[in-house]
Amino acid sequence: MNVCLAPRPVVFDLDGTLIDSAPDIHAAVNAVLRENRIAPLTLDQVRSFVGGGVEMLWHKIIRATGIEPSRQQSLIASFMTRYHDATGLTRLYPGVLEALGMLADRGYPLGICTNKPLGPTRAVLDHFGLTGLFGTVVGGDSLPQKKPDPAPLRAAFVALGADPTQPQGIYVGDSEFDALCAANLPVPFLIYAHGYRRTPLAELPHAAQFSHFNELPLLVEGLQLA
Ligand SMILES: O=C(O)COP(=O)(O)O
Ligand SMILES: [Mg+2]
């Protein structure tokens, strides 16, 4: 007997997964540091601080630069005025558009679950013409919890119509935060090898890894049948 199951949702992380946004984040960080007469950070430093959301980014910047911690909130406020529409230096990773289009054509409900705040998330999705592909977008400030707490990812799957009592879908991401979040739910996790992760791949729980987005549709299909 042939059982035809509805395709389960596929939810994506954003920074370091679909987009290389570190250059825009780096530029906005250094503009704030310059304004406050603090020495700039390198792109590698800033990239290594991305993944846990804006508060964690600035917590790490403060630790690296020796800035007085009480200045965090005002530095974040100044950063957000630059970050909310920062897209000029951001690039889609190769093959992203084609892979998302292929998954959408095959009927997979698609969503975003990112620790990036909703404002810059929406700006960058609009900038690349991706907004219409996603049935839900959960940002770092959408809920009180952030990844690796599973609540934002669970909310994304529920918004895409997943049955919370069934295997809910697949999460695609790049970082420690994503791997733990998927394991906490739990859902199968596909990790993009060229993102902003600091931990060796072998040490992060994942169902499979991929190094180009043209590998993704087949991996998704395989997990749907599993
Ligand atoms: O902005 C961040 O710190 C992380 O964003 P991400 O969850 O899309 O990787
Ligand atoms: Mg990421």
# chains A, B, ... in the order shown; residues from 1 in each chain; ligands from 1
call {"tool": "residues_near_ligand", "arguments": {"ligand": "ligand 1", "cutoff": "10 Å", "atoms": "only C-alpha atoms and all ligand atoms", "output": "PyMOL selection string"}}
result
chain A and resi 12-22+25+47-58+112-118+120-121+138-140+146-148+173-178+195-197
call {"tool": "residues_around", "arguments": {"residues": "A:Arg8", "least_positions_apart": "2", "cutoff": "12 Å", "atoms": "only C-alpha atoms", "output": "PDB file with N, CA and C atoms, in the first residue's frame"}}
result
ATOM      1  N   CYS A   4       0.674   8.188   1.339  1.00  0.00           N
ATOM      2  CA  CYS A   4       1.178   9.488   0.901  1.00  0.00           C
ATOM      3  C   CYS A   4       1.123  10.476   2.064  1.00  0.00           C
ATOM      4  N   LEU A   5       2.293  10.782   2.644  1.00  0.00           N
ATOM      5  CA  LEU A   5       2.342  11.682   3.793  1.00  0.00           C
ATOM      6  C   LEU A   5       2.555  13.112   3.311  1.00  0.00           C
ATOM      7  N   ALA A   6       1.894  14.072   3.992  1.00  0.00           N
ATOM      8  CA  ALA A   6       2.127  15.486   3.658  1.00  0.00           C
ATOM      9  C   ALA A   6       3.572  15.816   4.019  1.00  0.00           C
ATOM     10  N   VAL A  10      10.137  22.412   6.949  1.00  0.00           N
ATOM     11  CA  VAL A  10      11.586  22.603   7.062  1.00  0.00           C
ATOM     12  C   VAL A  10      11.808  24.036   7.545  1.00  0.00           C
ATOM     13  N   VAL A  11      12.466  24.160   8.701  1.00  0.00           N
ATOM     14  CA  VAL A  11      12.702  25.482   9.298  1.00  0.00           C
ATOM     15  C   VAL A  11      14.204  25.775   9.223  1.00  0.00           C
ATOM     16  N   LEU A 103      12.457  23.280  -2.729  1.00  0.00           N
ATOM     17  CA  LEU A 103      11.699  22.740  -1.592  1.00  0.00           C
ATOM     18  C   LEU A 103      10.270  23.285  -1.596  1.00  0.00           C
ATOM     19  N   ALA A 104      10.138  24.584  -1.886  1.00  0.00           N
ATOM     20  CA  ALA A 104       8.795  25.184  -1.937  1.00  0.00           C
ATOM     21  C   ALA A 104       7.965  24.530  -3.046  1.00  0.00           C
ATOM     22  N   ARG A 106       8.170  21.612  -4.131  1.00  0.00           N
ATOM     23  CA  ARG A 106       7.803  20.231  -3.751  1.00  0.00           C
ATOM     24  C   ARG A 106       6.798  20.208  -2.600  1.00  0.00           C
ATOM     25  N   GLY A 107       6.379  21.372  -2.157  1.00  0.00           N
ATOM     26  CA  GLY A 107       5.284  21.439  -1.172  1.00  0.00           C
ATOM     27  C   GLY A 107       5.707  21.468   0.277  1.00  0.00           C
ATOM     28  N   TYR A 108       7.007  21.614   0.548  1.00  0.00           N
ATOM     29  CA  TYR A 108       7.430  21.674   1.952  1.00  0.00           C
ATOM     30  C   TYR A 108       7.079  23.030   2.538  1.00  0.00           C
ATOM     31  N   PRO A 109       6.335  23.067   3.655  1.00  0.00           N
ATOM     32  CA  PRO A 109       6.160  24.352   4.342  1.00  0.00           C
ATOM     33  C   PRO A 109       7.515  24.815   4.883  1.00  0.00           C
ATOM     34  N   LEU A 110       7.868  26.069   4.636  1.00  0.00           N
ATOM     35  CA  LEU A 110       9.188  26.589   5.031  1.00  0.00           C
ATOM     36  C   LEU A 110       9.045  27.680   6.079  1.00  0.00           C
ATOM     37  N   GLY A 111       9.992  27.732   7.009  1.00  0.00           N
ATOM     38  CA  GLY A 111       9.962  28.765   8.047  1.00  0.00           C
ATOM     39  C   GLY A 111      11.367  29.190   8.435  1.00  0.00           C
ATOM     40  N   PHE A 157       7.393  25.475  14.078  1.00  0.00           N
ATOM     41  CA  PHE A 157       6.751  24.267  13.525  1.00  0.00           C
ATOM     42  C   PHE A 157       5.243  24.322  13.708  1.00  0.00           C
ATOM     43  N   VAL A 158       4.793  24.773  14.876  1.00  0.00           N
ATOM     44  CA  VAL A 158       3.345  24.846  15.123  1.00  0.00           C
ATOM     45  C   VAL A 158       2.708  25.835  14.148  1.00  0.00           C
ATOM     46  N   LEU A 160       3.587  26.451  11.264  1.00  0.00           N
ATOM     47  CA  LEU A 160       3.559  25.844   9.924  1.00  0.00           C
ATOM     48  C   LEU A 160       2.607  24.650   9.861  1.00  0.00           C
ATOM     49  N   GLY A 161       1.869  24.433  10.948  1.00  0.00           N
ATOM     50  CA  GLY A 161       0.824  23.405  10.929  1.00  0.00           C
ATOM     51  C   GLY A 161       1.278  22.041  11.389  1.00  0.00           C
ATOM     52  N   ALA A 162       2.497  21.942  11.993  1.00  0.00           N
ATOM     53  CA  ALA A 162       2.966  20.633  12.451  1.00  0.00           C
ATOM     54  C   ALA A 162       2.135  20.172  13.643  1.00  0.00           C
ATOM     55  N   ASP A 163       1.937  18.873  13.722  1.00  0.00           N
ATOM     56  CA  ASP A 163       1.233  18.279  14.852  1.00  0.00           C
ATOM     57  C   ASP A 163       2.261  18.057  15.963  1.00  0.00           C
ATOM     58  N   PRO A 164       2.100  18.760  17.122  1.00  0.00           N
ATOM     59  CA  PRO A 164       3.124  18.657  18.180  1.00  0.00           C
ATOM     60  C   PRO A 164       3.269  17.249  18.742  1.00  0.00           C
ATOM     61  N   GLN A 166       3.487  14.596  16.822  1.00  0.00           N
ATOM     62  CA  GLN A 166       4.159  13.805  15.773  1.00  0.00           C
ATOM     63  C   GLN A 166       5.561  14.371  15.544  1.00  0.00           C
ATOM     64  N   PRO A 167       6.440  13.611  14.869  1.00  0.00           N
ATOM     65  CA  PRO A 167       7.716  14.208  14.453  1.00  0.00           C
ATOM     66  C   PRO A 167       7.411  15.480  13.648  1.00  0.00           C
ATOM     67  N   GLN A 168       7.992  16.602  14.082  1.00  0.00           N
ATOM     68  CA  GLN A 168       7.456  17.878  13.592  1.00  0.00           C
ATOM     69  C   GLN A 168       8.059  18.374  12.294  1.00  0.00           C
ATOM     70  N   GLY A 169       9.291  17.984  11.982  1.00  0.00           N
ATOM     71  CA  GLY A 169       9.922  18.498  10.768  1.00  0.00           C
ATOM     72  C   GLY A 169      11.422  18.481  10.916  1.00  0.00           C
ATOM     73  N   ILE A 170      12.079  19.331  10.149  1.00  0.00           N
ATOM     74  CA  ILE A 170      13.544  19.339  10.089  1.00  0.00           C
ATOM     75  C   ILE A 170      14.033  20.756  10.364  1.00  0.00           C
ATOM     76  N   TYR A 171      15.144  20.875  11.104  1.00  0.00           N
ATOM     77  CA  TYR A 171      15.754  22.178  11.313  1.00  0.00           C
ATOM     78  C   TYR A 171      17.099  22.216  10.590  1.00  0.00           C
ATOM     79  N   VAL A 187      14.159  17.468  17.036  1.00  0.00           N
ATOM     80  CA  VAL A 187      13.898  17.237  15.612  1.00  0.00           C
ATOM     81  C   VAL A 187      15.246  16.967  14.932  1.00  0.00           C
ATOM     82  N   PRO A 188      15.233  16.291  13.786  1.00  0.00           N
ATOM     83  CA  PRO A 188      16.484  16.077  13.053  1.00  0.00           C
ATOM     84  C   PRO A 188      17.096  17.411  12.635  1.00  0.00           C
ATOM     85  N   VAL A 220      16.833  16.543   2.698  1.00  0.00           N
ATOM     86  CA  VAL A 220      15.500  16.764   3.267  1.00  0.00           C
ATOM     87  C   VAL A 220      14.584  15.612   2.883  1.00  0.00           C
ATOM     88  N   GLU A 221      14.631  15.227   1.629  1.00  0.00           N
ATOM     89  CA  GLU A 221      13.787  14.127   1.162  1.00  0.00           C
ATOM     90  C   GLU A 221      14.091  12.845   1.926  1.00  0.00           C
ATOM     91  N   GLY A 222      15.367  12.562   2.127  1.00  0.00           N
ATOM     92  CA  GLY A 222      15.778  11.357   2.835  1.00  0.00           C
ATOM     93  C   GLY A 222      15.242  11.345   4.263  1.00  0.00           C
ATOM     94  N   LEU A 223      15.299  12.481   4.938  1.00  0.00           N
ATOM     95  CA  LEU A 223      14.816  12.537   6.320  1.00  0.00           C
ATOM     96  C   LEU A 223      13.301  12.432   6.380  1.00  0.00           C
ATOM     97  N   GLN A 224      12.625  12.939   5.380  1.00  0.00           N
ATOM     98  CA  GLN A 224      11.157  12.857   5.366  1.00  0.00           C
ATOM     99  C   GLN A 224      10.706  11.408   5.264  1.00  0.00           C
ATOM    100  N   LEU A 225      11.508  10.597   4.589  1.00  0.00           N
ATOM    101  CA  LEU A 225      11.130   9.198   4.398  1.00  0.00           C
ATOM    102  C   LEU A 225      11.563   8.347   5.583  1.00  0.00           C
ATOM    103  N   ALA A 226      12.469   8.905   6.419  1.00  0.00           N
ATOM    104  CA  ALA A 226      13.038   8.098   7.517  1.00  0.00           C
ATOM    105  C   ALA A 226      11.986   7.746   8.559  1.00  0.00           C
TER     106      ALA A 226
END
call {"tool": "atom_distance", "arguments": {"atom1": "atom CA of A:Ile62", "atom2": "atom CA of A:Gly119"}}
result
23.3 Å
call {"tool": "select_by_dssp", "arguments": {"residues": "stretch 40-166 of chain A", "states": "strand (DSSP E)", "output": "VMD selection string"}}
result
chain A and resid 91 to 92 110 to 113 136 to 138
call {"tool": "atom_distance", "arguments": {"atom1": "atom CA of A:Pro150", "atom2": "atom CA of A:Phe189"}}
result
12.7 Å
call {"tool": "closest_residue", "arguments": {"among": "A:Ala207, A:Asn30, A:Pro69, A:Ala179", "to": "ligand 2", "atoms": "only C-alpha atoms and all ligand atoms"}}
result
A:Ala179
call {"tool": "closest_residue", "arguments": {"among": "A:His194, A:Pro200, A:Ile76, A:Phe213", "to": "ligand 2", "atoms": "only C-alpha atoms and all ligand atoms"}}
result
A:His194
call {"tool": "closest_residue", "arguments": {"among": "A:Ala156, A:Leu33, A:Ile191, A:Ala202", "to": "ligand 2", "atoms": "only C-alpha atoms and all ligand atoms"}}
result
A:Ile191
call {"tool": "select_by_dssp", "arguments": {"residues": "stretch 11-222 of chain A", "states": "alpha helix (DSSP H)", "output": "ChimeraX atom specification"}}
result
/A:22-35,43-49,54-65,72-83,96-105,118-127,151-159,176-184,216-222
